[in-house]
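This is structure.pdb (PDB, C-alpha atoms).
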```
ATOM      1  CA  MET X 152      86.311-228.036  -4.076
ATOM      2  CA  HIS X 153      84.214-224.861  -4.026
ATOM      3  CA  THR X 154      81.404-226.653  -5.852
ATOM      4  CA  VAL X 155      81.255-229.324  -3.164
ATOM      5  CA  ASN X 156      80.966-226.654  -0.469
ATOM      6  CA  LEU X 157      78.171-224.914  -2.388
ATOM      7  CA  VAL X 158      76.341-228.207  -2.743
ATOM      8  CA  ARG X 159      76.639-228.840   0.982
ATOM      9  CA  LEU X 160      75.459-225.302   1.690
ATOM     10  CA  GLY X 161      72.471-225.958  -0.573
ATOM     11  CA  ALA X 162      71.586-229.039   1.475
ATOM     12  CA  VAL X 163      71.438-226.945   4.629
ATOM     13  CA  HIS X 164      69.144-224.440   2.886
ATOM     14  CA  TRP X 165      66.905-227.275   1.669
ATOM     15  CA  LEU X 166      66.611-228.911   5.056
ATOM     16  CA  CYS X 167      65.947-225.578   6.744
ATOM     17  CA  ALA X 168      63.000-225.050   4.390
ATOM     18  CA  ILE X 169      61.114-227.833   6.157
ATOM     19  CA  ARG X 170      59.280-225.974   8.882
ATOM     20  CA  SER X 171      56.622-228.285  10.240
ATOM     21  CA  PRO X 172      56.895-231.789  11.754
ATOM     22  CA  ALA X 173      54.159-232.982   9.391
ATOM     23  CA  ALA X 174      56.119-231.787   6.369
ATOM     24  CA  PHE X 175      59.270-233.480   7.664
ATOM     25  CA  GLN X 176      57.424-236.773   8.151
ATOM     26  CA  SER X 177      56.089-236.507   4.609
ATOM     27  CA  PHE X 178      59.567-235.760   3.318
ATOM     28  CA  ARG X 179      61.350-238.875   4.648
ATOM     29  CA  PRO X 180      59.664-241.462   2.411
ATOM     30  CA  LEU X 181      59.889-239.143  -0.579
ATOM     31  CA  ARG X 182      63.630-238.889  -0.213
ATOM     32  CA  ARG X 183      63.856-242.676  -0.478
ATOM     33  CA  LEU X 184      61.680-242.614  -3.598
ATOM     34  CA  SER X 185      63.779-239.960  -5.284
ATOM     35  CA  THR X 186      66.929-241.877  -4.320
ATOM     36  CA  THR X 187      65.507-244.988  -5.981
ATOM     37  CA  LYS X 188      64.686-243.004  -9.123
ATOM     38  CA  ASN X 189      68.238-241.587  -9.257
ATOM     39  CA  ALA X 190      69.728-245.077  -8.830
ATOM     40  CA  ARG X 191      69.238-245.754 -12.567
ATOM     41  CA  CYS X 192      72.526-243.938 -13.186
ATOM     42  CA  ALA X 193      75.562-245.935 -12.076
ATOM     43  CA  HIS X 194      77.423-242.853 -10.859
ATOM     44  CA  ASN X 195      74.506-242.035  -8.518
ATOM     45  CA  GLU X 196      74.607-245.479  -6.888
ATOM     46  CA  ALA X 197      77.925-244.669  -5.249
ATOM     47  CA  ARG X 198      76.618-241.449  -3.693
ATOM     48  CA  SER X 199      75.408-241.305  -0.118
ATOM     49  CA  ASP X 200      71.901-240.154   0.800
ATOM     50  CA  VAL X 201      73.379-236.859   2.009
ATOM     51  CA  GLU X 202      75.185-236.273  -1.293
ATOM     52  CA  ARG X 203      72.051-237.081  -3.291
ATOM     53  CA  ALA X 204      70.015-234.739  -1.083
ATOM     54  CA  ALA X 205      72.597-231.987  -1.588
ATOM     55  CA  ILE X 206      72.491-232.424  -5.369
ATOM     56  CA  ALA X 207      68.684-232.418  -5.393
ATOM     57  CA  ALA X 208      68.749-229.299  -3.221
ATOM     58  CA  THR X 209      71.104-227.477  -5.557
ATOM     59  CA  PHE X 210      68.956-228.161  -8.619
ATOM     60  CA  GLY X 211      65.726-227.907  -6.638
ATOM     61  CA  VAL X 212      66.320-224.342  -5.420
ATOM     62  CA  GLY X 213      65.410-222.945  -8.847
ATOM     63  CA  LEU X 214      62.373-225.207  -9.025
ATOM     64  CA  CYS X 215      61.279-224.117  -5.541
ATOM     65  CA  ASP X 216      61.478-220.518  -6.750
ATOM     66  CA  LYS X 217      59.352-221.455  -9.780
ATOM     67  CA  ALA X 218      56.798-223.088  -7.460
ATOM     68  CA  GLN X 219      56.565-219.893  -5.418
ATOM     69  CA  GLU X 220      56.141-217.885  -8.628
ATOM     70  CA  PHE X 221      53.367-220.269  -9.740
ATOM     71  CA  LEU X 222      51.559-219.616  -6.440
ATOM     72  CA  ARG X 223      52.056-215.837  -6.728
ATOM     73  CA  ARG X 224      50.544-215.894 -10.213
ATOM     74  CA  LYS X 225      47.561-218.027  -9.147
ATOM     75  CA  ASN X 226      46.960-215.787  -6.117
ATOM     76  CA  ALA X 227      47.058-212.674  -8.322
ATOM     77  CA  VAL X 228      44.278-214.226 -10.417
ATOM     78  CA  GLY X 229      42.246-215.011  -7.289
ATOM     79  CA  ARG X 230      42.623-211.430  -6.041
ATOM     80  CA  GLY X 231      41.533-210.108  -9.445
ATOM     81  CA  ASP X 232      44.912-208.466 -10.116
ATOM     82  CA  ALA X 233      45.750-210.578 -13.177
ATOM     83  CA  THR X 234      44.421-213.019 -15.746
ATOM     84  CA  LEU X 235      45.445-216.660 -16.023
ATOM     85  CA  ALA X 236      47.752-215.879 -18.979
ATOM     86  CA  PRO X 237      50.893-215.668 -16.767
ATOM     87  CA  VAL X 238      49.982-219.045 -15.217
ATOM     88  CA  PHE X 239      49.610-220.611 -18.671
ATOM     89  CA  ASP X 240      52.954-219.058 -19.690
ATOM     90  CA  MET X 241      54.634-221.308 -17.105
ATOM     91  CA  CYS X 242      53.144-224.452 -18.695
ATOM     92  CA  GLY X 243      54.681-226.689 -21.336
ATOM     93  CA  PRO X 244      52.660-227.527 -24.461
ATOM     94  CA  ALA X 245      51.581-230.963 -23.125
ATOM     95  CA  VAL X 246      50.887-229.935 -19.531
ATOM     96  CA  ASP X 247      48.652-231.992 -17.262
ATOM     97  CA  LEU X 248      47.162-229.305 -15.033
ATOM     98  CA  TYR X 249      45.090-230.902 -12.263
ATOM     99  CA  GLY X 250      44.002-233.617 -14.693
ATOM    100  CA  LEU X 251      43.174-231.138 -17.454
ATOM    101  CA  ARG X 252      45.056-231.767 -20.711
ATOM    102  CA  GLY X 253      45.260-230.266 -24.167
ATOM    103  CA  ASP X 254      42.313-228.106 -25.153
ATOM    104  CA  GLU X 255      40.703-228.584 -21.688
ATOM    105  CA  VAL X 256      43.434-226.705 -19.794
ATOM    106  CA  ARG X 257      42.518-223.062 -20.414
ATOM    107  CA  PRO X 258      38.709-223.305 -20.188
ATOM    108  CA  GLY X 259      38.888-225.819 -17.321
ATOM    109  CA  LEU X 260      41.137-223.701 -15.087
ATOM    110  CA  THR X 261      39.238-220.535 -16.013
ATOM    111  CA  SER X 262      35.981-222.235 -15.015
ATOM    112  CA  PHE X 263      37.486-223.431 -11.723
ATOM    113  CA  PHE X 264      38.585-219.906 -10.787
ATOM    114  CA  SER X 265      35.135-218.572 -11.744
ATOM    115  CA  ALA X 266      33.461-221.146  -9.481
ATOM    116  CA  HIS X 267      35.813-220.258  -6.588
ATOM    117  CA  PRO X 268      35.850-216.422  -6.308
ATOM    118  CA  GLY X 269      38.813-214.992  -4.427
ATOM    119  CA  LEU X 270      40.735-218.288  -4.629
ATOM    120  CA  THR X 271      44.125-218.009  -2.927
ATOM    121  CA  HIS X 272      46.720-220.502  -1.737
ATOM    122  CA  GLU X 273      48.812-220.222   1.410
ATOM    123  CA  LEU X 274      51.876-222.386   1.982
ATOM    124  CA  LEU X 275      51.980-224.476   5.153
ATOM    125  CA  ALA X 276      55.691-225.161   4.512
ATOM    126  CA  ALA X 277      58.170-224.030   1.892
ATOM    127  CA  PRO X 278      58.324-226.011  -1.362
ATOM    128  CA  VAL X 279      60.849-228.863  -1.210
ATOM    129  CA  PRO X 280      62.400-230.906  -4.011
ATOM    130  CA  CYS X 281      60.925-234.408  -4.113
ATOM    131  CA  GLY X 282      62.626-235.660  -7.259
ATOM    132  CA  PRO X 283      65.086-234.519  -9.903
ATOM    133  CA  SER X 284      62.502-232.300 -11.622
ATOM    134  CA  ALA X 285      59.703-231.998  -9.050
ATOM    135  CA  VAL X 286      58.833-229.979  -5.959
ATOM    136  CA  GLN X 287      55.902-230.155  -3.592
ATOM    137  CA  TYR X 288      54.364-228.295  -0.692
ATOM    138  CA  PRO X 289      51.434-228.561   1.707
ATOM    139  CA  PHE X 290      48.940-225.702   1.432
ATOM    140  CA  VAL X 291      45.619-224.210   2.412
ATOM    141  CA  LYS X 292      43.300-222.800  -0.234
ATOM    142  CA  SER X 293      40.606-220.252   0.544
ATOM    143  CA  TRP X 294      37.766-218.803  -1.525
ATOM    144  CA  ARG X 295      34.370-217.140  -1.122
ATOM    145  CA  SER X 296      31.360-219.350  -1.608
ATOM    146  CA  PRO X 297      29.300-218.098  -4.570
ATOM    147  CA  GLU X 298      26.099-219.116  -2.734
ATOM    148  CA  ASP X 299      26.501-217.265   0.560
ATOM    149  CA  GLY X 300      29.751-215.271   0.279
ATOM    150  CA  GLU X 301      31.254-217.108   3.270
ATOM    151  CA  VAL X 302      34.975-217.856   3.208
ATOM    152  CA  ARG X 303      35.709-221.542   2.666
ATOM    153  CA  ARG X 304      39.033-223.195   3.465
ATOM    154  CA  TRP X 305      40.549-226.522   2.498
ATOM    155  CA  SER X 306      43.808-227.719   4.015
ATOM    156  CA  SER X 307      45.959-230.300   2.280
ATOM    157  CA  ILE X 308      47.080-231.577   5.691
ATOM    158  CA  GLU X 309      44.433-232.316   8.265
ATOM    159  CA  ALA X 310      44.948-234.868  11.035
ATOM    160  CA  ALA X 311      41.223-235.214  11.798
ATOM    161  CA  LYS X 312      40.362-236.501   8.283
ATOM    162  CA  PRO X 313      43.204-237.895   8.094
ATOM    163  CA  ARG X 314      44.600-236.099   5.069
ATOM    164  CA  ASN X 315      48.254-235.692   4.074
ATOM    165  CA  LYS X 316      48.271-234.170   0.601
ATOM    166  CA  VAL X 317      50.594-231.794  -1.209
ATOM    167  CA  GLU X 318      50.553-229.875  -4.443
ATOM    168  CA  ARG X 319      53.260-231.363  -6.657
ATOM    169  CA  LEU X 320      54.769-229.484  -9.579
ATOM    170  CA  GLU X 321      56.805-231.400 -12.154
ATOM    171  CA  PHE X 322      58.981-229.593 -14.691
ATOM    172  CA  ASP X 323      60.597-230.431 -18.011
ATOM    173  CA  GLY X 324      64.223-229.698 -18.934
ATOM    174  CA  GLU X 325      63.263-226.170 -19.994
ATOM    175  CA  GLY X 326      61.756-225.366 -16.587
ATOM    176  CA  LEU X 327      58.171-225.450 -17.871
ATOM    177  CA  LEU X 328      55.412-227.229 -15.995
ATOM    178  CA  VAL X 329      54.497-230.644 -17.355
ATOM    179  CA  ARG X 330      52.260-231.722 -14.467
ATOM    180  CA  VAL X 331      50.549-230.005 -11.538
ATOM    181  CA  SER X 332      48.569-232.222  -9.206
ATOM    182  CA  VAL X 333      47.366-232.606  -5.650
ATOM    183  CA  VAL X 334      48.565-235.990  -4.403
ATOM    184  CA  GLU X 335      49.239-237.913  -1.223
ATOM    185  CA  ALA X 336      52.534-236.651   0.193
ATOM    186  CA  THR X 337      54.064-240.107  -0.152
ATOM    187  CA  ALA X 338      52.841-240.783  -3.722
ATOM    188  CA  PRO X 339      55.602-241.886  -6.095
ATOM    189  CA  ILE X 340      57.094-239.352  -8.458
ATOM    190  CA  SER X 341      55.956-239.881 -12.056
ATOM    191  CA  ASP X 342      58.422-240.158 -14.910
ATOM    192  CA  VAL X 343      58.644-236.724 -16.499
ATOM    193  CA  THR X 344      60.120-236.646 -19.972
ATOM    194  CA  ASN X 345      62.393-233.749 -20.791
TER     195      ASN X 345
END
```
In structure tokens, how does this file's structure come out?
Amino acid sequence: MHTVNLVRLGAVHWLCAIRSPAAFQSFRPLRRLSTTKNARCAHNEARSDVERAAIAATFGVGLCDKAQEFLRRKNAVGRGDATLAPVFDMCGPAVDLYGLRGDEVRPGLTSFFSAHPGLTHELLAAPVPCGPSAVQYPFVKSWRSPEDGEVRRWSSIEAAKPRNKVERLEFDGEGLLVRVSVVEATAPISDVTN
């Protein structure tokens, strides 16, 4: 009985994490996608959407914390306070990091940070679970242009473009990153092997 109450409490925490109307609109179709993915298990078919959301929230809280830690580590690199080693420590051996794989990961991300001095990421909304092993969040990234030193900004959500993207982090069973990508907020969740 206590577990059920904790799960319900987790659902409230998860839903409260959605701060902006744009993030909430992005979230609705994703919930249906994650529900469809969970439907492979017969015991999940009998659960209501609220119960599935509560379960995802309970497991997703740890992943949301990992997403925030990933951002803290990347921002420390952008500020010059750290190297990329702590970022790579969060990655599994077969990570797909923004399309970089295998031997391309370390030099590719290092090169990207070199080309974007002062690169930092700011959350537009808290990370939310979007699947059994994935979280996502809208963000703004800022950096200094190497040519003129001016601050450049890119927002993942921009109505004028229109753009509705998120950074999506997918984890394996050990809690290591297997994929980090910037995708449309409504893009389907990939199959992540544990």
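Our summary of the geometry notes that CA of Leu275 in chain X is positioned 8.9 Å from CA of Ser306 in chain X.
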Self-check item: Which residue of X:Ala277, X:Val246, X:Ala236, X:Val286 approaches Ile340 in chain X most closely, using all atoms listed in the file
Solution: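 So, comparing all the options, the nearest one is X:Val286.
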Exercise. Please measure the separation of CA of Asn315 in chain X and CA of Leu274 in chain X, giving the value in Å to one decimal.
Key: 13.9 Å
Exercise: Ala285 in chain X partners within 6 Å, all atoms listed in the file, chain neighbours under 4 positions left out, as a PDB file with C-alpha atoms, in the frame of the given file:
```
ATOM      1  CA  PRO X 280      62.400-230.906  -4.011  1.00  0.00           C
ATOM      2  CA  CYS X 281      60.925-234.408  -4.113  1.00  0.00           C
ATOM      3  CA  LEU X 320      54.769-229.484  -9.579  1.00  0.00           C
ATOM      4  CA  GLU X 321      56.805-231.400 -12.154  1.00  0.00           C
TER       5      GLU X 321
END
```
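For the set X:Val291, X:Val302, X:Ala233, X:Met241, the residue with the smallest atom-to-atom gap to His267 in chain X is X:Val302, counting only C-alpha atoms.
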Where atoms are absent from range 254-265 of chain X, fill them in so it carries all heavy atoms, then output it as a compact mmCIF listing (two decimals), in the coordinates of the input.
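rebuild.txt written:
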```txt
# COMPACT_ATOMS: atom_id res chain seq x y z
N ASP X 254 43.27 -229.21 -24.99
CA ASP X 254 42.31 -228.11 -25.15
C ASP X 254 41.46 -227.86 -23.91
O ASP X 254 40.75 -226.85 -23.85
CB ASP X 254 41.40 -228.38 -26.35
CG ASP X 254 42.13 -228.32 -27.67
OD1 ASP X 254 43.22 -227.70 -27.72
OD2 ASP X 254 41.63 -228.89 -28.66
N GLU X 255 41.50 -228.77 -22.92
CA GLU X 255 40.70 -228.58 -21.69
C GLU X 255 41.37 -227.64 -20.69
O GLU X 255 40.70 -227.13 -19.80
CB GLU X 255 40.54 -229.91 -20.93
CG GLU X 255 40.25 -231.13 -21.72
CD GLU X 255 40.27 -232.38 -20.85
OE1 GLU X 255 41.23 -232.63 -20.11
OE2 GLU X 255 39.27 -233.10 -20.92
N VAL X 256 42.68 -227.42 -20.83
CA VAL X 256 43.43 -226.70 -19.79
C VAL X 256 42.91 -225.29 -19.57
O VAL X 256 42.53 -224.93 -18.45
CB VAL X 256 44.94 -226.69 -20.12
CG1 VAL X 256 45.71 -225.78 -19.17
CG2 VAL X 256 45.51 -228.11 -20.06
N ARG X 257 42.91 -224.47 -20.59
CA ARG X 257 42.52 -223.06 -20.41
C ARG X 257 41.06 -222.90 -19.96
O ARG X 257 40.81 -222.24 -18.96
CB ARG X 257 42.80 -222.26 -21.68
CG ARG X 257 44.29 -222.06 -21.90
CD ARG X 257 44.59 -221.30 -23.19
NE ARG X 257 46.02 -221.23 -23.41
CZ ARG X 257 46.78 -220.21 -23.03
NH1 ARG X 257 46.24 -219.17 -22.42
NH2 ARG X 257 48.07 -220.22 -23.25
N PRO X 258 40.09 -223.49 -20.66
CA PRO X 258 38.71 -223.30 -20.19
C PRO X 258 38.46 -223.98 -18.84
O PRO X 258 37.68 -223.47 -18.04
CB PRO X 258 37.85 -223.92 -21.29
CG PRO X 258 38.76 -224.78 -22.09
CD PRO X 258 40.14 -224.24 -21.92
N GLY X 259 39.11 -225.11 -18.58
CA GLY X 259 38.89 -225.82 -17.32
C GLY X 259 39.38 -225.03 -16.12
O GLY X 259 38.68 -224.90 -15.12
N LEU X 260 40.60 -224.48 -16.21
CA LEU X 260 41.14 -223.70 -15.09
C LEU X 260 40.38 -222.38 -14.94
O LEU X 260 40.11 -221.93 -13.83
CB LEU X 260 42.64 -223.46 -15.25
CG LEU X 260 43.35 -222.99 -13.99
CD1 LEU X 260 43.22 -224.01 -12.86
CD2 LEU X 260 44.82 -222.72 -14.26
N THR X 261 40.03 -221.77 -16.05
CA THR X 261 39.24 -220.54 -16.01
C THR X 261 37.90 -220.78 -15.31
O THR X 261 37.49 -219.99 -14.45
CB THR X 261 39.01 -220.00 -17.44
OG1 THR X 261 40.29 -219.76 -18.05
CG2 THR X 261 38.20 -218.72 -17.43
N SER X 262 37.25 -221.88 -15.64
CA SER X 262 35.98 -222.24 -15.02
C SER X 262 36.15 -222.48 -13.51
O SER X 262 35.31 -222.06 -12.71
CB SER X 262 35.41 -223.47 -15.70
OG SER X 262 34.25 -223.91 -15.04
N PHE X 263 37.25 -223.15 -13.14
CA PHE X 263 37.49 -223.43 -11.72
C PHE X 263 37.65 -222.13 -10.94
O PHE X 263 37.07 -221.97 -9.86
CB PHE X 263 38.72 -224.32 -11.55
CG PHE X 263 38.92 -224.76 -10.13
CD1 PHE X 263 38.21 -225.82 -9.62
CD2 PHE X 263 39.82 -224.11 -9.30
CE1 PHE X 263 38.38 -226.24 -8.30
CE2 PHE X 263 40.00 -224.50 -7.99
CZ PHE X 263 39.27 -225.57 -7.49
N PHE X 264 38.41 -221.19 -11.47
CA PHE X 264 38.58 -219.91 -10.79
C PHE X 264 37.27 -219.14 -10.72
O PHE X 264 36.99 -218.46 -9.74
CB PHE X 264 39.69 -219.07 -11.45
CG PHE X 264 41.05 -219.32 -10.87
CD1 PHE X 264 41.82 -220.37 -11.32
CD2 PHE X 264 41.55 -218.51 -9.87
CE1 PHE X 264 43.08 -220.61 -10.78
CE2 PHE X 264 42.81 -218.74 -9.32
CZ PHE X 264 43.57 -219.80 -9.78
N SER X 265 36.44 -219.24 -11.76
CA SER X 265 35.14 -218.57 -11.74
C SER X 265 34.23 -219.16 -10.67
O SER X 265 33.46 -218.44 -10.03
CB SER X 265 34.45 -218.69 -13.10
OG SER X 265 35.20 -218.00 -14.07
```
